[in-house]
Structures are given as structure tokens and as C-alpha cells.
$ cat entry24.cif   # mmCIF, C-alpha atoms
data_structure
loop_
_atom_site.label_atom_id
_atom_site.label_comp_id
_atom_site.auth_asym_id
_atom_site.auth_seq_id
_atom_site.Cartn_x
_atom_site.Cartn_y
_atom_site.Cartn_z
CA MET G 1 245.28 -73.00 174.66
CA ASN G 2 245.06 -73.52 178.42
CA ALA G 3 244.46 -69.84 179.13
CA ALA G 4 241.78 -69.67 176.42
CA TYR G 5 240.10 -72.86 177.67
CA GLU G 6 240.14 -71.61 181.28
CA PHE G 7 238.61 -68.33 180.18
CA VAL G 8 235.76 -69.75 178.09
CA THR G 9 234.91 -72.49 180.61
CA GLY G 10 235.28 -70.12 183.58
CA PRO G 11 234.29 -66.42 183.56
CA LEU G 12 232.62 -66.59 180.14
CA ALA G 13 230.47 -69.55 181.18
CA TRP G 14 229.29 -67.71 184.32
CA LEU G 15 228.51 -64.66 182.21
CA ALA G 16 226.50 -66.69 179.67
CA TRP G 17 224.43 -68.47 182.34
CA GLY G 18 223.93 -65.17 184.15
CA ILE G 19 222.64 -63.43 181.01
CA PHE G 20 220.39 -66.40 180.22
CA LEU G 21 218.81 -66.67 183.69
CA LEU G 22 218.62 -62.99 184.68
CA GLY G 23 217.74 -61.93 181.13
CA SER G 24 214.89 -64.44 180.99
CA ALA G 25 213.57 -63.30 184.37
CA PHE G 26 213.77 -59.68 183.21
CA ARG G 27 211.97 -60.38 179.91
CA LEU G 28 209.19 -62.24 181.72
CA ALA G 29 208.79 -59.51 184.31
CA SER G 30 208.65 -56.74 181.71
CA MET G 31 206.20 -58.72 179.58
CA TYR G 32 203.98 -59.10 182.65
CA GLN G 33 204.15 -55.35 183.31
CA LEU G 34 203.28 -54.65 179.68
CA ALA G 35 200.32 -57.01 179.80
CA LYS G 36 199.10 -55.41 183.00
CA ALA G 37 199.35 -51.91 181.51
CA LYS G 38 197.93 -52.64 178.07
CA ASP G 39 195.58 -55.56 178.52
CA ALA G 40 194.64 -55.83 182.19
CA PRO G 41 191.29 -57.59 181.59
CA SER G 42 193.02 -60.51 179.89
CA LEU G 43 195.03 -61.18 183.04
CA ALA G 44 191.79 -61.53 184.97
CA PHE G 45 190.72 -64.23 182.53
CA MET G 46 193.89 -66.31 183.02
CA SER G 47 192.81 -69.77 184.11
CA TRP G 48 194.93 -72.75 185.15
CA SER G 49 192.65 -75.36 183.64
CA TYR G 50 192.23 -73.62 180.25
CA SER G 51 195.97 -72.90 180.18
CA LEU G 52 196.97 -76.48 180.90
CA ARG G 53 194.32 -77.78 178.48
CA SER G 54 195.85 -75.75 175.68
CA ILE G 55 199.46 -76.60 176.58
CA VAL G 56 198.80 -80.33 176.82
CA ASN G 57 196.83 -80.43 173.59
CA TRP G 58 199.56 -78.63 171.69
CA LEU G 59 202.21 -80.95 173.13
CA ILE G 60 200.62 -83.94 171.39
CA PRO G 61 201.90 -84.33 167.82
CA PHE G 62 199.17 -83.98 165.16
CA ASN G 63 196.57 -83.24 167.83
CA ALA G 64 196.27 -79.50 167.22
CA LEU G 65 194.84 -78.33 163.91
CA GLY G 66 198.01 -76.30 163.40
CA TRP G 67 200.09 -79.49 163.53
CA ARG G 68 197.93 -81.31 161.01
CA LYS G 69 198.31 -78.64 158.34
CA SER G 70 201.92 -79.43 157.54
CA PRO G 71 202.92 -82.95 158.63
CA ALA G 72 206.58 -82.75 157.56
CA MET G 73 207.09 -79.55 159.51
CA THR G 74 205.34 -81.07 162.53
CA VAL G 75 207.57 -84.13 162.59
CA ALA G 76 210.68 -81.98 162.11
CA THR G 77 209.60 -79.60 164.88
CA PHE G 78 208.94 -82.29 167.46
CA VAL G 79 212.01 -84.37 166.68
CA PHE G 80 214.18 -81.25 166.55
CA HIS G 81 213.10 -79.92 169.94
CA ILE G 82 213.41 -83.27 171.68
CA CYS G 83 216.93 -83.88 170.34
CA LEU G 84 217.89 -80.26 170.98
CA LEU G 85 217.22 -80.66 174.69
CA VAL G 86 218.10 -84.32 175.27
CA ALA G 87 221.48 -84.41 173.49
CA PRO G 88 223.30 -81.65 175.41
CA ILE G 89 221.68 -82.35 178.80
CA PHE G 90 222.49 -86.07 178.89
CA LEU G 91 225.77 -85.98 176.96
CA VAL G 92 228.50 -87.95 178.78
CA ALA G 93 231.08 -85.17 178.41
CA HIS G 94 228.72 -82.47 179.72
CA VAL G 95 227.71 -84.50 182.77
CA MET G 96 231.39 -85.18 183.38
CA LEU G 97 232.05 -81.44 183.41
CA TRP G 98 229.20 -80.85 185.90
CA ASP G 99 230.90 -83.48 188.03
CA GLN G 100 234.34 -81.96 187.56
CA PHE G 101 233.23 -78.42 188.40
CA PHE G 102 230.42 -78.94 190.94
CA GLY G 103 230.53 -82.60 191.97
CA VAL G 104 227.03 -83.29 190.64
CA SER G 105 226.40 -86.27 188.42
CA TYR G 106 223.36 -87.87 186.77
CA VAL G 107 222.33 -90.35 184.08
CA THR G 108 223.89 -90.13 180.63
CA ILE G 109 223.12 -91.42 177.16
CA PRO G 110 225.84 -93.37 175.28
CA ASP G 111 227.94 -91.29 172.90
CA SER G 112 226.84 -93.36 169.91
CA VAL G 113 223.23 -92.29 170.54
CA THR G 114 223.92 -88.61 171.26
CA ASP G 115 225.96 -88.60 168.07
CA ILE G 116 222.82 -89.50 166.12
CA LEU G 117 220.67 -86.99 168.06
CA THR G 118 223.20 -84.30 167.12
CA LEU G 119 223.00 -85.22 163.45
CA VAL G 120 219.19 -85.06 163.71
CA VAL G 121 219.41 -81.51 165.10
CA ILE G 122 221.79 -80.48 162.30
CA GLY G 123 219.53 -82.16 159.73
CA ALA G 124 216.44 -80.41 161.12
CA CYS G 125 218.23 -77.05 160.98
CA LEU G 126 218.96 -77.68 157.31
CA PHE G 127 215.32 -78.65 156.77
CA PHE G 128 214.13 -75.41 158.41
CA ALA G 129 216.62 -73.42 156.33
CA GLY G 130 215.45 -75.12 153.13
CA ARG G 131 211.85 -74.36 154.01
CA ARG G 132 212.64 -70.69 154.52
CA PHE G 133 214.35 -70.60 151.13
CA LEU G 134 211.96 -72.66 149.07
CA GLN G 135 208.43 -72.26 150.42
CA PRO G 136 207.18 -68.90 149.04
CA ASP G 137 204.81 -67.97 151.89
CA VAL G 138 207.43 -68.77 154.54
CA ARG G 139 210.10 -67.05 152.51
CA TYR G 140 207.98 -63.92 152.37
CA LEU G 141 207.64 -63.83 156.17
CA THR G 142 211.29 -64.64 156.89
CA THR G 143 213.49 -61.89 158.30
CA GLY G 144 217.12 -61.66 159.34
CA LYS G 145 216.09 -62.46 162.91
CA ASP G 146 214.87 -65.90 161.84
CA TRP G 147 218.17 -66.68 160.15
CA LEU G 148 220.10 -65.42 163.17
CA ALA G 149 218.19 -67.74 165.52
CA LEU G 150 218.79 -70.69 163.20
CA VAL G 151 222.54 -70.05 162.94
CA ILE G 152 222.89 -69.53 166.71
CA VAL G 153 221.28 -72.94 167.33
CA LEU G 154 223.11 -74.76 164.57
CA ALA G 155 226.58 -73.56 165.64
CA PRO G 156 227.04 -75.43 168.96
CA PHE G 157 225.79 -78.70 167.46
CA LEU G 158 227.96 -78.46 164.36
CA THR G 159 231.10 -77.53 166.31
CA GLY G 160 230.30 -80.15 168.96
CA PHE G 161 230.05 -82.83 166.30
CA LEU G 162 233.34 -81.76 164.71
CA ALA G 163 235.10 -81.56 168.09
CA TYR G 164 233.85 -84.98 169.24
CA HIS G 165 235.08 -86.61 166.04
CA GLN G 166 238.24 -84.51 166.13
CA LEU G 167 237.74 -83.31 162.59
CA LEU G 168 239.61 -80.12 161.63
CA ASP G 169 241.70 -78.38 164.33
CA TYR G 170 240.56 -79.91 167.65
CA ASP G 171 241.88 -77.22 170.02
CA LEU G 172 240.20 -74.49 168.00
CA MET G 173 237.00 -76.51 167.63
CA VAL G 174 236.45 -77.15 171.38
CA ILE G 175 236.92 -73.46 172.11
CA LEU G 176 234.53 -72.54 169.28
CA HIS G 177 232.06 -75.14 170.57
CA VAL G 178 232.08 -73.76 174.11
CA VAL G 179 231.74 -70.18 172.87
CA ALA G 180 228.92 -71.16 170.45
CA GLY G 181 227.03 -72.81 173.32
CA GLU G 182 227.49 -69.73 175.46
CA ILE G 183 226.27 -67.45 172.68
CA MET G 184 223.17 -69.63 172.37
CA LEU G 185 222.44 -69.45 176.11
CA ALA G 186 222.96 -65.69 176.26
CA ALA G 187 220.87 -65.15 173.11
CA ILE G 188 217.80 -67.00 174.41
CA PRO G 189 216.17 -64.04 176.22
CA PHE G 190 216.85 -61.50 173.46
CA THR G 191 216.27 -63.25 170.12
CA ARG G 192 213.64 -65.40 168.43
CA LEU G 193 214.85 -68.13 170.80
CA SER G 194 212.93 -66.38 173.58
CA HIS G 195 209.97 -68.59 172.63
CA MET G 196 211.74 -71.09 174.91
CA VAL G 197 210.77 -68.83 177.83
CA PHE G 198 207.54 -67.41 176.46
CA ALA G 199 205.92 -70.41 174.76
CA VAL G 200 204.08 -71.73 177.82
CA PHE G 201 202.75 -68.26 178.62
CA THR G 202 201.69 -67.61 175.05
CA ARG G 203 199.77 -70.88 175.05
CA ALA G 204 198.32 -70.19 178.50
CA TYR G 205 197.12 -66.77 177.33
CA MET G 206 195.58 -68.13 174.14
CA GLY G 207 194.08 -71.12 175.95
CA SER G 208 192.50 -68.91 178.62
CA GLU G 209 191.08 -66.45 176.13
CA PHE G 210 189.65 -69.15 173.88
CA GLY G 211 188.40 -71.25 176.77
CA GLY G 212 187.09 -68.55 179.10
CA VAL G 213 186.03 -65.78 176.71
CA ARG G 214 185.23 -67.32 173.34
CA HIS G 215 184.27 -70.74 174.72
CA ALA G 216 186.20 -72.44 171.96
CA ARG G 217 189.20 -74.71 171.54
CA ASP G 218 192.46 -73.18 170.47
CA TRP G 219 194.02 -76.33 169.05
CA MET E 1 263.13 -128.30 166.25
CA LYS E 2 263.11 -130.14 169.60
CA ARG E 3 265.50 -127.59 171.06
CA THR E 4 264.28 -124.45 169.35
CA LEU E 5 260.81 -124.56 170.91
CA PRO E 6 261.99 -124.38 174.56
CA LEU E 7 264.51 -121.76 173.53
CA LEU E 8 261.87 -119.69 171.85
CA LEU E 9 259.66 -120.03 174.92
CA LEU E 10 262.53 -118.94 177.14
CA ALA E 11 263.21 -115.96 174.89
CA ALA E 12 259.54 -114.98 174.92
CA LEU E 13 259.41 -115.31 178.70
CA SER E 14 262.49 -113.20 179.34
CA LEU E 15 261.21 -110.60 176.91
CA ALA E 16 257.98 -110.47 178.89
CA CYS E 17 259.91 -110.00 182.13
CA VAL E 18 262.00 -107.20 180.72
CA GLN E 19 258.86 -105.65 179.33
CA ALA E 20 257.19 -105.73 182.73
CA ALA E 21 260.21 -104.23 184.50
CA PHE E 22 260.63 -101.34 182.10
CA SER E 23 257.12 -101.07 180.85
CA GLN E 24 256.54 -97.56 182.12
CA GLN E 25 259.29 -96.48 179.75
CA ASP E 26 257.24 -97.71 176.82
CA MET E 27 253.94 -96.63 178.28
CA LYS E 28 252.36 -94.39 175.64
CA VAL E 29 248.68 -94.58 176.55
CA LEU E 30 246.62 -95.50 179.60
CA ALA E 31 244.12 -98.29 179.15
CA PRO E 32 243.82 -100.07 182.51
CA ALA E 33 242.14 -103.46 182.32
CA ALA E 34 239.84 -102.46 185.19
CA LEU E 35 237.96 -100.01 182.96
CA GLY E 36 237.14 -102.81 180.52
CA LYS E 37 236.25 -101.82 177.00
CA LEU E 38 236.96 -98.09 176.66
CA THR E 39 234.33 -95.84 175.14
CA ARG E 40 236.94 -93.24 174.14
CA PRO E 41 240.38 -93.54 172.57
CA ALA E 42 242.90 -94.43 175.33
CA ALA E 43 244.41 -91.34 177.01
CA GLN E 44 247.84 -90.26 175.79
CA PHE E 45 250.43 -90.73 178.52
CA ASN E 46 254.04 -91.19 177.59
CA HIS E 47 255.20 -92.01 181.15
CA ASP E 48 258.90 -91.18 181.30
CA PRO E 49 259.06 -88.43 178.66
CA HIS E 50 255.95 -86.86 180.22
CA ASN E 51 257.52 -86.72 183.66
CA GLU E 52 260.80 -85.46 182.28
CA LYS E 53 259.16 -82.70 180.28
CA ALA E 54 256.92 -81.76 183.19
CA LYS E 55 259.89 -81.96 185.61
CA LEU E 56 258.18 -84.43 187.93
CA ASP E 57 261.06 -86.16 189.71
CA ASP E 58 259.15 -87.31 192.75
CA CYS E 59 257.15 -90.41 191.99
CA VAL E 60 254.79 -89.83 194.93
CA ILE E 61 253.24 -86.83 193.17
CA CYS E 62 251.15 -89.41 191.32
CA HIS E 63 251.88 -92.71 193.03
CA HIS E 64 250.58 -91.84 196.50
CA GLY E 65 249.63 -94.29 199.20
CA GLY E 66 246.76 -94.42 201.62
CA ALA E 67 243.88 -96.56 202.82
CA ASP E 68 240.48 -96.29 204.48
CA GLY E 69 239.54 -93.07 202.72
CA LYS E 70 242.74 -91.21 203.68
CA GLN E 71 245.37 -90.34 201.12
CA ASP E 72 248.98 -90.68 202.32
CA LYS E 73 251.47 -88.60 200.39
CA SER E 74 254.47 -89.83 202.37
CA VAL E 75 254.29 -93.38 201.02
CA SER E 76 254.99 -93.87 197.35
CA THR E 77 253.39 -96.79 195.54
CA GLU E 78 254.89 -96.78 192.05
CA GLY E 79 254.09 -99.99 190.27
CA THR E 80 250.76 -100.39 192.07
CA PRO E 81 247.93 -99.78 189.60
CA CYS E 82 245.57 -96.94 190.54
CA ALA E 83 242.76 -99.49 190.15
CA ASP E 84 244.05 -101.43 193.18
CA CYS E 85 242.82 -98.63 195.44
CA HIS E 86 240.33 -96.75 193.23
CA LYS E 87 237.39 -98.92 192.32
CA VAL E 88 235.61 -98.38 189.01
CA LYS E 89 232.38 -97.74 190.91
CA SER E 90 233.24 -95.36 193.71
CA VAL E 91 232.08 -96.59 197.11
CA GLY E 92 231.20 -93.98 199.71
CA LYS E 93 233.70 -91.16 199.82
CA ASN E 94 236.34 -93.04 197.84
CA THR E 95 237.29 -91.48 194.54
CA GLY E 96 236.24 -93.67 191.61
CA LEU E 97 238.86 -94.78 189.09
CA GLN E 98 237.89 -92.57 186.16
CA ARG E 99 237.51 -89.57 188.45
CA ALA E 100 240.88 -90.31 190.06
CA TYR E 101 242.65 -90.17 186.69
CA HIS E 102 240.78 -87.08 185.54
CA LYS E 103 241.28 -85.22 188.81
CA GLN E 104 244.97 -86.02 189.09
CA CYS E 105 245.85 -85.28 185.46
CA ILE E 106 243.59 -82.28 184.77
CA ASP E 107 244.02 -80.52 188.13
CA CYS E 108 247.77 -80.39 187.66
CA HIS E 109 247.54 -79.25 184.03
CA LYS E 110 245.19 -76.48 185.14
CA ALA E 111 247.42 -75.46 188.02
CA LYS E 112 250.53 -75.41 185.81
CA GLY E 113 248.79 -73.75 182.87
CA LYS E 114 250.39 -76.44 180.67
CA GLY E 115 249.34 -79.87 179.46
CA PRO E 116 245.99 -81.09 178.08
CA VAL E 117 242.71 -80.00 179.71
CA ALA E 118 240.04 -80.67 177.04
CA CYS E 119 238.74 -84.20 176.35
CA GLY E 120 240.17 -84.67 172.87
CA GLN E 121 243.64 -83.51 173.85
CA CYS E 122 244.10 -86.64 175.96
CA HIS E 123 241.65 -88.99 174.23
CA LYS E 124 243.21 -88.52 170.81
CA ARG E 125 241.64 -90.34 167.89
#
$ encode --input "entry24.cif" --output "C-alpha cells"
Amino acid sequence: MNAAYEFVTGPLAWLAWGIFLLGSAFRLASMYQLAKAKDAPSLAFMSWSYSLRSIVNWLIPFNALGWRKSPAMTVATFVFHICLLVAPIFLVAHVMLWDQFFGVSYVTIPDSVTDILTLVVIGACLFFAGRRFLQPDVRYLTTGKDWLALVIVLAPFLTGFLAYHQLLDYDLMVILHVVAGEIMLAAIPFTRLSHMVFAVFTRAYMGSEFGGVRHARDW
Amino acid sequence: MKRTLPLLLLAALSLACVQAAFSQQDMKVLAPAALGKLTRPAAQFNHDPHNEKAKLDDCVICHHGGADGKQDKSVSTEGTPCADCHKVKSVGKNTGLQRAYHKQCIDCHKAKGKGPVACGQCHKR
């Protein structure tokens, strides 16, 4: 157990963070090169104000037309993404590990609250899965890559919940939890999860084109 | 009845004394009053059996002395609660109480490759 724990919280953790950070930088750089080669004029149109206008407007729930079309999906999307980020970043145990390994410490959220946030993430994952199964148009567009992204995100939250409550084999569950989190980090640049890195640029691109070229709103 | 009450009190008192003197033998978990209401299950720590199994004969390995921000490993302080020297809220460079426990326990388990290192192995539900 100790050797396995040392390995997954040591070398494997460095590897996962390395793949996440360097991989993301690489994907962004190559996307920029591609844009420059294939669509150089669009880069000239990139504008800070139109970019920010689009980003801000899409960040407001039900503001963009796209959000108003399917209210349930909109609520699930916003709640899911907020909990997805807040729960792991401000979790007592995670902050404690930052402190243990690097001596850095910051505010935390009580375990009773993060417990609920975790259940919300798991619930939202099930909602997204149900939607992919049951809604014909979404089902038609769904590929294996979508399922993969969903499973990769669900895994660390499910195993984290089971480990915290010490359900099933604890020793196995913490190891699985750490590995699942590392898989998620490493998968961000190379799967559907890359929208975490690309989303702002996608919006900036759309916002600039609609604002500067078509003189229209893109939300 | 008149005589049984004082006797009972005396018995209770002596039991309490014995308990205090040998309490580390019965110590199964750590729940120092200084930490107040715990947010996690109290950490497993079966004092004497732990130290026997881990072959820790020298009390000073854990019960060190020191003051004014300097640890003194030549003075042993068994019987003095960690909380007497490690405040719950760490002041300046002094190690806070929770950190003191975690550092002492986990660092050794890591170094020895044996003993609990993950949260739930100590804070057992």
C-alpha cells in the first residue's frame, strides 16, 4: 500500500500535471499555427472588446439564445461546471496535501458542503448520460469520444465520494481516486475535455467574427 | 448508604488516578481537547502496541522538548500534551497542532515504508 501510494502521489502526479500543462500549451500553439496557415485573415479580425463581449454574455445563464433553448440543460451545465471546479480546488483534504507537499495553504470549504457539491457533479454526469441516451437528436450526434469524456470526469468524483465515506475497500479506493484524477488531468489536452483550454478562444473567435465582420451578436 | 457513598467516591477517584497514570496503555485514538469538536473520525493510535510493533523504544522520538521555535531532541517530555507547545493556530514559524501530528506521524510512516499514510487509514470511520 505505502509503495503504491508513494508512486501515485509522487512520480505519477508529476507526470499527470506535466502532460496537462505542457500538452495544453502544445495544443494551443499548434491550433494557433493552424489558424495562421488556414485562416490568416480571421486572426487580423481578432478584437479584445468583441471577444470579451461574447465571453461575458455567454457566461450569464439564460442570457445567450443558445442557453434559452434548453433550460434544463443550461441549469445542469452551469451547476455542473461550478461544482466541478469548486469541489476539488477547495476540498479540505486537497488543500492539506498542498500544505503537506509544498507548504502552501488557502481557504477551504467544509467537508459537508463539498460532499453535496460532489453529489451534484455525479448527478449532473448521470443527467448528461441520460440525455445522450434518450434525446434522439443528441443520441444521433453522440460518439465514443463523448462517452469517454463523461466517464473520465465521473471517475474521480465517484471514487472520491466512496473513499471519503470509506465505502468498499478504502486502500484500493484512495489509490483509484488519485489515479482517476490524474487520468482526468492528463486527458484534458487530448480529449473532448480540451474545451477547458479552448473554450475562451472559440468564443473570442466567434465573438470577433460576428462583431467585427458580420456586425451581429453571437449570443 | 451513609458509608457506601464516600466509599464509592473513593473508588471512583482511585480509578481515575490509575487511569491517568496508565492511560497511554489504553490510548486507542487521539482526540486532544485542544482541537475541539473533530471534523473527522479521531485518528487511530494504540499507544503502547503501536510503539512496540514499530520498535520505538525511545520516547523522545515523539515526545521531544524545545521552546522559542527551536526543537530540542535531547529532552523528552512524555506526558506533556503536544498542544502545550503546538497551538491550534500556528503563530509565526511555530508548527500548528494539526500539522505537528500529521508531520510527525506521516513523515515516519513514509520514511519506514510502513504504517498509514492516506487520510482514511488513520481517520477510520
$ atom_distance --input "entry24.cif" --atom1 "atom CA of G:Gly23" --atom2 "atom CA of G:Ala199"
15.9 Å
$ resolve_selection --input "entry24.cif" --expression "the PyMOL selection byres ((chain G) within 7 of (chain E))" --output "ChimeraX atom specification"
/G:2-3,166
$ resolve_selection --input "entry24.cif" --expression "the PyMOL selection byres ((chain G and resi 157) around 12)" --output "mmCIF file with C-alpha atoms, in the frame of the given file"
data_model
loop_
_atom_site.group_PDB
_atom_site.id
_atom_site.type_symbol
_atom_site.label_atom_id
_atom_site.label_comp_id
_atom_site.auth_asym_id
_atom_site.auth_seq_id
_atom_site.Cartn_x
_atom_site.Cartn_y
_atom_site.Cartn_z
ATOM 1 C CA PHE G 80 214.180 -81.250 166.550
ATOM 2 C CA CYS G 83 216.930 -83.880 170.340
ATOM 3 C CA LEU G 84 217.890 -80.260 170.980
ATOM 4 C CA LEU G 85 217.220 -80.660 174.690
ATOM 5 C CA ALA G 87 221.480 -84.410 173.490
ATOM 6 C CA PRO G 88 223.300 -81.650 175.410
ATOM 7 C CA LEU G 91 225.770 -85.980 176.960
ATOM 8 C CA THR G 114 223.920 -88.610 171.260
ATOM 9 C CA ASP G 115 225.960 -88.600 168.070
ATOM 10 C CA ILE G 116 222.820 -89.500 166.120
ATOM 11 C CA LEU G 117 220.670 -86.990 168.060
ATOM 12 C CA THR G 118 223.200 -84.300 167.120
ATOM 13 C CA LEU G 119 223.000 -85.220 163.450
ATOM 14 C CA VAL G 120 219.190 -85.060 163.710
ATOM 15 C CA VAL G 121 219.410 -81.510 165.100
ATOM 16 C CA ILE G 122 221.790 -80.480 162.300
ATOM 17 C CA GLY G 123 219.530 -82.160 159.730
ATOM 18 C CA ALA G 124 216.440 -80.410 161.120
ATOM 19 C CA CYS G 125 218.230 -77.050 160.980
ATOM 20 C CA LEU G 150 218.790 -70.690 163.200
ATOM 21 C CA VAL G 151 222.540 -70.050 162.940
ATOM 22 C CA ILE G 152 222.890 -69.530 166.710
ATOM 23 C CA VAL G 153 221.280 -72.940 167.330
ATOM 24 C CA LEU G 154 223.110 -74.760 164.570
ATOM 25 C CA ALA G 155 226.580 -73.560 165.640
ATOM 26 C CA PRO G 156 227.040 -75.430 168.960
ATOM 27 C CA LEU G 158 227.960 -78.460 164.360
ATOM 28 C CA THR G 159 231.100 -77.530 166.310
ATOM 29 C CA GLY G 160 230.300 -80.150 168.960
ATOM 30 C CA PHE G 161 230.050 -82.830 166.300
ATOM 31 C CA LEU G 162 233.340 -81.760 164.710
ATOM 32 C CA ALA G 163 235.100 -81.560 168.090
ATOM 33 C CA TYR G 164 233.850 -84.980 169.240
ATOM 34 C CA MET G 173 237.000 -76.510 167.630
ATOM 35 C CA VAL G 174 236.450 -77.150 171.380
ATOM 36 C CA LEU G 176 234.530 -72.540 169.280
ATOM 37 C CA HIS G 177 232.060 -75.140 170.570
ATOM 38 C CA VAL G 178 232.080 -73.760 174.110
ATOM 39 C CA VAL G 179 231.740 -70.180 172.870
ATOM 40 C CA ALA G 180 228.920 -71.160 170.450
ATOM 41 C CA GLY G 181 227.030 -72.810 173.320
ATOM 42 C CA MET G 184 223.170 -69.630 172.370
#
$ atom_distance --input "entry24.cif" --atom1 "atom CA of G:Leu22" --atom2 "atom CA of G:Trp58"
27.9 Å
$ resolve_selection --input "entry24.cif" --expression "the PyMOL selection byres ((chain G and resi 212) around 10)" --output "number ranges by chain"
G: 45-47, 49-51, 206-211, 213-217
